[in-house]
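So this one's target34.txt, compact mmCIF, N, CA and C atoms:
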```txt
# COMPACT_ATOMS: atom_id res chain seq x y z
N MET P 733 -53.17 -32.79 54.61
CA MET P 733 -52.07 -33.65 54.19
C MET P 733 -51.45 -34.34 55.39
N THR P 734 -51.00 -35.53 55.15
CA THR P 734 -50.34 -36.25 56.23
C THR P 734 -48.85 -35.98 56.21
N ASP P 735 -48.20 -36.36 57.29
CA ASP P 735 -46.74 -36.22 57.35
C ASP P 735 -46.08 -37.04 56.26
N ASP P 736 -46.61 -38.25 55.98
CA ASP P 736 -46.05 -39.09 54.93
C ASP P 736 -46.13 -38.41 53.57
N GLU P 737 -47.25 -37.75 53.30
CA GLU P 737 -47.40 -37.05 52.02
C GLU P 737 -46.45 -35.86 51.93
N ASP P 738 -46.28 -35.14 53.03
CA ASP P 738 -45.33 -34.03 53.06
C ASP P 738 -43.91 -34.54 52.82
N ARG P 739 -43.58 -35.67 53.45
CA ARG P 739 -42.26 -36.25 53.28
C ARG P 739 -42.05 -36.68 51.83
N ALA P 740 -43.07 -37.29 51.24
CA ALA P 740 -42.97 -37.71 49.83
C ALA P 740 -42.78 -36.51 48.92
N ASP P 741 -43.51 -35.43 49.18
CA ASP P 741 -43.35 -34.20 48.39
C ASP P 741 -41.91 -33.70 48.47
N ALA P 742 -41.35 -33.71 49.68
CA ALA P 742 -39.97 -33.24 49.87
C ALA P 742 -38.99 -34.14 49.13
N TRP P 743 -39.21 -35.45 49.19
CA TRP P 743 -38.32 -36.39 48.48
C TRP P 743 -38.36 -36.14 46.98
N PHE P 744 -39.58 -36.08 46.43
CA PHE P 744 -39.69 -35.89 44.98
C PHE P 744 -39.11 -34.55 44.54
N HIS P 745 -39.33 -33.52 45.34
CA HIS P 745 -38.74 -32.22 45.01
C HIS P 745 -37.22 -32.32 45.02
N ALA P 746 -36.68 -32.93 46.06
CA ALA P 746 -35.23 -33.04 46.17
C ALA P 746 -34.64 -33.86 45.03
N LEU P 747 -35.32 -34.92 44.65
CA LEU P 747 -34.79 -35.81 43.62
C LEU P 747 -35.11 -35.37 42.20
N SER P 748 -35.87 -34.29 42.07
CA SER P 748 -36.26 -33.83 40.74
C SER P 748 -35.12 -33.12 40.01
N ASP P 749 -34.06 -32.83 40.71
CA ASP P 749 -32.95 -32.09 40.11
C ASP P 749 -31.75 -33.02 39.90
N ARG P 750 -31.18 -32.97 38.71
CA ARG P 750 -30.04 -33.83 38.33
C ARG P 750 -28.84 -33.63 39.25
N THR P 751 -28.52 -32.38 39.58
CA THR P 751 -27.38 -32.12 40.45
C THR P 751 -27.61 -32.72 41.83
N ARG P 752 -28.82 -32.56 42.37
CA ARG P 752 -29.09 -33.12 43.69
C ARG P 752 -29.02 -34.64 43.67
N ARG P 753 -29.50 -35.26 42.59
CA ARG P 753 -29.39 -36.72 42.50
C ARG P 753 -27.93 -37.14 42.48
N ASP P 754 -27.10 -36.38 41.77
CA ASP P 754 -25.67 -36.71 41.72
C ASP P 754 -25.01 -36.52 43.08
N ILE P 755 -25.36 -35.43 43.75
CA ILE P 755 -24.82 -35.20 45.10
C ILE P 755 -25.22 -36.35 46.00
N LEU P 756 -26.48 -36.76 45.93
CA LEU P 756 -26.94 -37.86 46.78
C LEU P 756 -26.17 -39.14 46.49
N ARG P 757 -25.94 -39.44 45.21
CA ARG P 757 -25.14 -40.64 44.87
C ARG P 757 -23.76 -40.57 45.52
N ARG P 758 -23.15 -39.40 45.45
CA ARG P 758 -21.80 -39.24 46.01
C ARG P 758 -21.80 -39.44 47.52
N VAL P 759 -22.75 -38.82 48.21
CA VAL P 759 -22.73 -38.90 49.68
C VAL P 759 -23.24 -40.25 50.18
N LEU P 760 -23.96 -40.98 49.35
CA LEU P 760 -24.33 -42.35 49.73
C LEU P 760 -23.12 -43.27 49.65
N ALA P 761 -22.19 -42.94 48.75
CA ALA P 761 -20.98 -43.74 48.60
C ALA P 761 -19.98 -43.46 49.73
N GLY P 762 -20.11 -42.31 50.37
CA GLY P 762 -19.20 -41.96 51.45
C GLY P 762 -19.35 -40.49 51.81
N GLU P 763 -18.90 -40.15 52.99
CA GLU P 763 -19.01 -38.78 53.49
C GLU P 763 -18.12 -37.86 52.65
N HIS P 764 -18.67 -36.69 52.32
CA HIS P 764 -17.94 -35.69 51.54
C HIS P 764 -18.11 -34.33 52.21
N SER P 765 -17.08 -33.52 52.14
CA SER P 765 -17.24 -32.14 52.59
C SER P 765 -18.03 -31.40 51.52
N VAL P 766 -18.78 -30.43 51.96
CA VAL P 766 -19.56 -29.64 51.01
C VAL P 766 -18.62 -28.90 50.07
N SER P 767 -17.48 -28.45 50.56
CA SER P 767 -16.54 -27.75 49.68
C SER P 767 -15.97 -28.71 48.63
N ALA P 768 -15.71 -29.96 48.98
CA ALA P 768 -15.24 -30.93 47.98
C ALA P 768 -16.34 -31.21 46.96
N LEU P 769 -17.57 -31.31 47.42
CA LEU P 769 -18.68 -31.50 46.49
C LEU P 769 -18.76 -30.33 45.52
N ALA P 770 -18.61 -29.12 46.04
CA ALA P 770 -18.73 -27.92 45.22
C ALA P 770 -17.69 -27.89 44.11
N ARG P 771 -16.52 -28.44 44.36
CA ARG P 771 -15.48 -28.47 43.33
C ARG P 771 -15.85 -29.40 42.17
N SER P 772 -16.81 -30.28 42.38
CA SER P 772 -17.22 -31.24 41.35
C SER P 772 -18.20 -30.67 40.34
N TYR P 773 -18.69 -29.47 40.59
CA TYR P 773 -19.74 -28.90 39.74
C TYR P 773 -19.34 -27.53 39.23
N GLU P 774 -19.84 -27.21 38.06
CA GLU P 774 -19.57 -25.90 37.48
C GLU P 774 -20.63 -24.91 37.93
N MET P 775 -20.63 -24.67 39.22
CA MET P 775 -21.54 -23.70 39.83
C MET P 775 -20.89 -23.18 41.09
N SER P 776 -21.46 -22.17 41.65
CA SER P 776 -20.86 -21.56 42.84
C SER P 776 -21.01 -22.47 44.05
N PHE P 777 -20.15 -22.22 45.02
CA PHE P 777 -20.22 -22.94 46.29
C PHE P 777 -21.60 -22.74 46.92
N ALA P 778 -22.11 -21.51 46.85
CA ALA P 778 -23.42 -21.20 47.44
C ALA P 778 -24.52 -22.02 46.77
N ALA P 779 -24.44 -22.21 45.45
CA ALA P 779 -25.45 -22.99 44.75
C ALA P 779 -25.41 -24.45 45.21
N VAL P 780 -24.22 -25.00 45.37
CA VAL P 780 -24.09 -26.38 45.86
C VAL P 780 -24.62 -26.47 47.28
N GLN P 781 -24.32 -25.47 48.11
CA GLN P 781 -24.85 -25.45 49.48
C GLN P 781 -26.38 -25.50 49.47
N LYS P 782 -26.99 -24.78 48.55
CA LYS P 782 -28.46 -24.78 48.46
C LYS P 782 -28.97 -26.16 48.07
N HIS P 783 -28.31 -26.82 47.13
CA HIS P 783 -28.71 -28.18 46.76
C HIS P 783 -28.59 -29.13 47.95
N VAL P 784 -27.49 -29.01 48.67
CA VAL P 784 -27.29 -29.85 49.86
C VAL P 784 -28.38 -29.57 50.89
N ALA P 785 -28.75 -28.31 51.06
CA ALA P 785 -29.79 -27.94 52.02
C ALA P 785 -31.14 -28.56 51.65
N VAL P 786 -31.45 -28.59 50.35
CA VAL P 786 -32.71 -29.21 49.91
C VAL P 786 -32.70 -30.70 50.25
N LEU P 787 -31.59 -31.37 49.98
CA LEU P 787 -31.47 -32.79 50.31
C LEU P 787 -31.55 -33.03 51.81
N GLU P 788 -30.96 -32.12 52.57
CA GLU P 788 -30.99 -32.24 54.03
C GLU P 788 -32.41 -32.04 54.56
N ARG P 789 -33.12 -31.04 54.06
CA ARG P 789 -34.51 -30.81 54.50
C ARG P 789 -35.40 -32.00 54.16
N ALA P 790 -35.10 -32.66 53.05
CA ALA P 790 -35.88 -33.83 52.65
C ALA P 790 -35.51 -35.07 53.47
N GLY P 791 -34.45 -34.94 54.27
CA GLY P 791 -34.03 -36.06 55.10
C GLY P 791 -33.21 -37.10 54.36
N LEU P 792 -32.72 -36.75 53.18
CA LEU P 792 -31.96 -37.71 52.38
C LEU P 792 -30.46 -37.68 52.67
N LEU P 793 -30.01 -36.61 53.31
CA LEU P 793 -28.63 -36.57 53.77
C LEU P 793 -28.57 -35.83 55.09
N THR P 794 -27.48 -36.05 55.80
CA THR P 794 -27.24 -35.36 57.06
C THR P 794 -25.90 -34.65 56.95
N LYS P 795 -25.79 -33.57 57.70
CA LYS P 795 -24.54 -32.83 57.74
C LYS P 795 -24.04 -32.81 59.18
N ARG P 796 -22.73 -32.79 59.30
CA ARG P 796 -22.11 -32.60 60.61
C ARG P 796 -20.91 -31.70 60.43
N ARG P 797 -20.54 -31.06 61.49
CA ARG P 797 -19.40 -30.15 61.46
C ARG P 797 -18.16 -30.88 61.95
N GLN P 798 -17.06 -30.64 61.25
CA GLN P 798 -15.76 -31.09 61.72
C GLN P 798 -14.82 -29.91 61.50
N GLY P 799 -14.58 -29.18 62.56
CA GLY P 799 -13.79 -27.96 62.44
C GLY P 799 -14.55 -26.96 61.58
N ARG P 800 -13.90 -26.50 60.54
CA ARG P 800 -14.54 -25.52 59.64
C ARG P 800 -15.32 -26.18 58.52
N GLU P 801 -15.20 -27.48 58.39
CA GLU P 801 -15.85 -28.20 57.29
C GLU P 801 -17.23 -28.69 57.66
N ALA P 802 -18.13 -28.62 56.70
CA ALA P 802 -19.45 -29.26 56.83
C ALA P 802 -19.36 -30.56 56.03
N LEU P 803 -19.58 -31.68 56.71
CA LEU P 803 -19.48 -32.99 56.07
C LEU P 803 -20.87 -33.55 55.85
N ALA P 804 -21.12 -34.03 54.64
CA ALA P 804 -22.44 -34.55 54.27
C ALA P 804 -22.36 -36.05 54.06
N SER P 805 -23.38 -36.74 54.58
CA SER P 805 -23.50 -38.20 54.41
C SER P 805 -24.91 -38.51 53.96
N GLY P 806 -25.03 -39.49 53.09
CA GLY P 806 -26.35 -39.92 52.65
C GLY P 806 -27.03 -40.74 53.72
N ASP P 807 -28.34 -40.61 53.81
CA ASP P 807 -29.14 -41.40 54.76
C ASP P 807 -29.73 -42.59 54.00
N VAL P 808 -29.08 -43.74 54.15
CA VAL P 808 -29.48 -44.94 53.41
C VAL P 808 -30.91 -45.35 53.75
N GLU P 809 -31.30 -45.24 55.00
CA GLU P 809 -32.67 -45.63 55.39
C GLU P 809 -33.71 -44.74 54.71
N ALA P 810 -33.43 -43.46 54.60
CA ALA P 810 -34.37 -42.56 53.92
C ALA P 810 -34.49 -42.93 52.45
N VAL P 811 -33.37 -43.26 51.83
CA VAL P 811 -33.40 -43.66 50.42
C VAL P 811 -34.18 -44.96 50.26
N ARG P 812 -34.00 -45.88 51.20
CA ARG P 812 -34.78 -47.13 51.17
C ARG P 812 -36.27 -46.83 51.31
N SER P 813 -36.62 -45.86 52.13
CA SER P 813 -38.03 -45.48 52.28
C SER P 813 -38.59 -44.93 50.98
N VAL P 814 -37.79 -44.14 50.27
CA VAL P 814 -38.21 -43.63 48.96
C VAL P 814 -38.46 -44.81 48.03
N GLY P 815 -37.53 -45.76 48.02
CA GLY P 815 -37.66 -46.94 47.18
C GLY P 815 -38.91 -47.74 47.51
N ALA P 816 -39.19 -47.90 48.80
CA ALA P 816 -40.39 -48.65 49.21
C ALA P 816 -41.65 -47.94 48.76
N MET P 817 -41.66 -46.62 48.88
CA MET P 817 -42.84 -45.87 48.44
C MET P 817 -43.03 -46.01 46.93
N LEU P 818 -41.94 -45.95 46.18
CA LEU P 818 -42.03 -46.10 44.73
C LEU P 818 -42.50 -47.51 44.35
N THR P 819 -42.07 -48.50 45.11
CA THR P 819 -42.51 -49.87 44.86
C THR P 819 -44.01 -49.99 45.09
N GLU P 820 -44.52 -49.36 46.14
CA GLU P 820 -45.96 -49.36 46.40
C GLU P 820 -46.72 -48.69 45.26
N LEU P 821 -46.22 -47.54 44.80
CA LEU P 821 -46.87 -46.84 43.69
C LEU P 821 -46.84 -47.68 42.42
N GLU P 822 -45.72 -48.35 42.19
CA GLU P 822 -45.62 -49.20 41.01
C GLU P 822 -46.66 -50.33 41.07
N ALA P 823 -46.79 -50.97 42.23
CA ALA P 823 -47.76 -52.05 42.38
C ALA P 823 -49.18 -51.53 42.15
N LEU P 824 -49.48 -50.38 42.69
CA LEU P 824 -50.81 -49.78 42.50
C LEU P 824 -51.09 -49.57 41.01
N TRP P 825 -50.15 -48.96 40.31
CA TRP P 825 -50.36 -48.67 38.89
C TRP P 825 -50.34 -49.92 38.03
N ARG P 826 -49.51 -50.89 38.39
CA ARG P 826 -49.52 -52.15 37.63
C ARG P 826 -50.87 -52.84 37.78
N GLY P 827 -51.45 -52.78 38.97
CA GLY P 827 -52.78 -53.35 39.18
C GLY P 827 -53.83 -52.64 38.36
N ARG P 828 -53.76 -51.33 38.33
CA ARG P 828 -54.73 -50.55 37.53
C ARG P 828 -54.58 -50.84 36.04
N ILE P 829 -53.35 -50.91 35.58
CA ILE P 829 -53.11 -51.20 34.16
C ILE P 829 -53.58 -52.60 33.82
N SER P 830 -53.34 -53.54 34.71
CA SER P 830 -53.79 -54.91 34.48
C SER P 830 -55.31 -54.96 34.38
N ARG P 831 -55.97 -54.25 35.25
CA ARG P 831 -57.44 -54.20 35.21
C ARG P 831 -57.92 -53.56 33.91
N MET P 832 -57.25 -52.51 33.47
CA MET P 832 -57.62 -51.87 32.21
C MET P 832 -57.44 -52.86 31.05
N ASP P 833 -56.35 -53.62 31.07
CA ASP P 833 -56.12 -54.64 30.04
C ASP P 833 -57.26 -55.65 30.01
N GLU P 834 -57.69 -56.07 31.21
CA GLU P 834 -58.80 -57.02 31.30
C GLU P 834 -60.08 -56.42 30.71
N LEU P 835 -60.35 -55.17 31.02
CA LEU P 835 -61.56 -54.52 30.50
C LEU P 835 -61.51 -54.38 28.98
N PHE P 836 -60.34 -54.02 28.45
CA PHE P 836 -60.20 -53.90 27.00
C PHE P 836 -60.36 -55.26 26.32
N ALA P 837 -59.79 -56.29 26.91
CA ALA P 837 -59.91 -57.63 26.34
C ALA P 837 -61.37 -58.08 26.35
N GLU P 838 -62.07 -57.81 27.43
CA GLU P 838 -63.49 -58.17 27.51
C GLU P 838 -64.29 -57.41 26.46
N GLN P 839 -64.00 -56.15 26.31
CA GLN P 839 -64.69 -55.34 25.30
C GLN P 839 -64.41 -55.88 23.89
N ALA P 840 -63.18 -56.27 23.61
CA ALA P 840 -62.83 -56.83 22.30
C ALA P 840 -63.56 -58.14 22.07
N ARG P 841 -63.65 -58.99 23.10
CA ARG P 841 -64.38 -60.26 22.97
C ARG P 841 -65.85 -60.00 22.67
N GLN P 842 -66.41 -59.02 23.33
CA GLN P 842 -67.83 -58.71 23.11
C GLN P 842 -68.05 -58.18 21.70
N GLN P 843 -67.13 -57.43 21.17
CA GLN P 843 -67.27 -56.88 19.82
C GLN P 843 -67.07 -57.96 18.76
N GLN P 844 -66.31 -59.00 19.07
CA GLN P 844 -66.06 -60.06 18.11
C GLN P 844 -67.17 -61.12 18.11
N SER P 845 -67.91 -61.22 19.20
CA SER P 845 -68.98 -62.22 19.29
C SER P 845 -70.14 -61.81 18.41
N PRO P 846 -70.74 -62.77 17.67
CA PRO P 846 -71.91 -62.41 16.88
C PRO P 846 -73.05 -62.01 17.82
N PRO P 847 -73.88 -61.11 17.38
CA PRO P 847 -74.99 -60.69 18.25
C PRO P 847 -75.97 -61.87 18.43
N ASP P 848 -76.62 -61.86 19.56
CA ASP P 848 -77.64 -62.89 19.81
C ASP P 848 -78.76 -62.72 18.80
N PRO P 849 -79.28 -63.85 18.25
CA PRO P 849 -80.39 -63.72 17.30
C PRO P 849 -81.61 -63.16 18.00
N PRO P 850 -82.41 -62.41 17.27
CA PRO P 850 -83.61 -61.85 17.91
C PRO P 850 -84.58 -62.97 18.24
N THR P 851 -85.26 -62.80 19.30
CA THR P 851 -86.27 -63.80 19.70
C THR P 851 -87.63 -63.32 19.25
N HIS P 852 -88.44 -64.27 18.73
CA HIS P 852 -89.81 -63.94 18.29
C HIS P 852 -90.78 -64.51 19.29
N THR P 853 -91.72 -63.75 19.61
CA THR P 853 -92.76 -64.21 20.54
C THR P 853 -94.09 -64.23 19.87
```

Can you turn what I pasted into structure tokens?
Amino acid sequence: MTDDEDRADAWFHALSDRTRRDILRRVLAGEHSVSALARSYEMSFAAVQKHVAVLERAGLLTKRRQGREALASGDVEAVRSVGAMLTELEALWRGRISRMDELFAEQARQQQSPPDPPTHT
């Protein structure tokens, strides 16, 4: 596996969870303390910390210390990279689907055409 594939795996894993996606939206809008984030969810502080850690390992947010607080910020460039990768995947699949449409249309045309008359020799 390449580093890019490992990074993509980490992104998709991090974004596969609704709470993590919500946390990412919040920290992309502005820096939040992890304790303030935790108050927004009906789960333990430790559970929110784990979600933040997954996002941090995926490179989608960064944390810094300010006194006793851990402050989380979204990494806009990393999110843009995710978007670019998804755009590439979309183009790939749109091309494949378009080719499949062409093949189906050709097959339908062939089925609608009368067969060639037999030749006698």

Residues of chain P in alpha helix (DSSP H), written as number ranges by chain: P: 735-747, 750-761, 766-771, 777-789, 808-844

Determine, for each residue of region 789-826 of chain P having at least one atom at most 7 Å from an atom of region 754-776 of chain P, the closest pair of atoms and their separation in Å to one decimal, counting only N, CA and C atoms; order by chain and ascending number, as CSV.
```
residue,atom,partner,partner_atom,distance
P:Leu792,C,P:Leu756,CA,6.9
P:Glu801,C,P:Ser765,CA,6.1
P:Ala802,C,P:Val766,N,4.1
P:Leu803,CA,P:Ser765,CA,4.2
P:Ala804,N,P:His764,C,3.9
P:Ser805,C,P:Val759,C,4.5
P:Gly806,N,P:Val759,C,3.5
P:Asp807,N,P:Leu760,CA,6.0
P:Val808,N,P:Leu760,CA,6.6
```

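The two atoms in question, atom C of His852 (chain P) and atom C of Glu838 (chain P), are spaced 28.3 Å apart.
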
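Excluding Asp741 (chain P) and any residue on its chain fewer than 6 positions from it, the residues at most 10 Å away by only C-alpha atoms are P:Asp735, P:Leu747, P:Ala790.
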
Quick one: distance from CA of Ser748 (chain P) to CA of Ala778 (chain P) in Å, one decimal?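 CA of Ala778 (chain P) lies 19.2 Å from CA of Ser748 (chain P).
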
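Taking atom C of Ala810 (chain P) as the reference point, CA of Arg828 (chain P) is found at 26.3 Å.
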
Axis-aligned box for all listed atoms of region 736-745 of chain P, 4 Å per side, centre and edges in Å to one decimal, as AutoDock Vina command-line options:
```
--center_x -42.3 --center_y -35.7 --center_z 50.3 --size_x 18.2 --size_y 14.9 --size_z 19.4
```

As a list in words, please: all residues of chain P that backbone DSSP puts in strand (DSSP E). His764, Ser765, Leu793, Thr794, Lys795, Arg796, Arg797, Gln798, Glu801, Ala802, Leu803, Ala804, Ser805 and Gly806 of chain P

Considering only C-alpha atoms, state which residue in the set P:Met832, P:Leu821, P:Gln844, P:Ser813 is at the smallest distance from Asp736 (chain P). P:Ser813
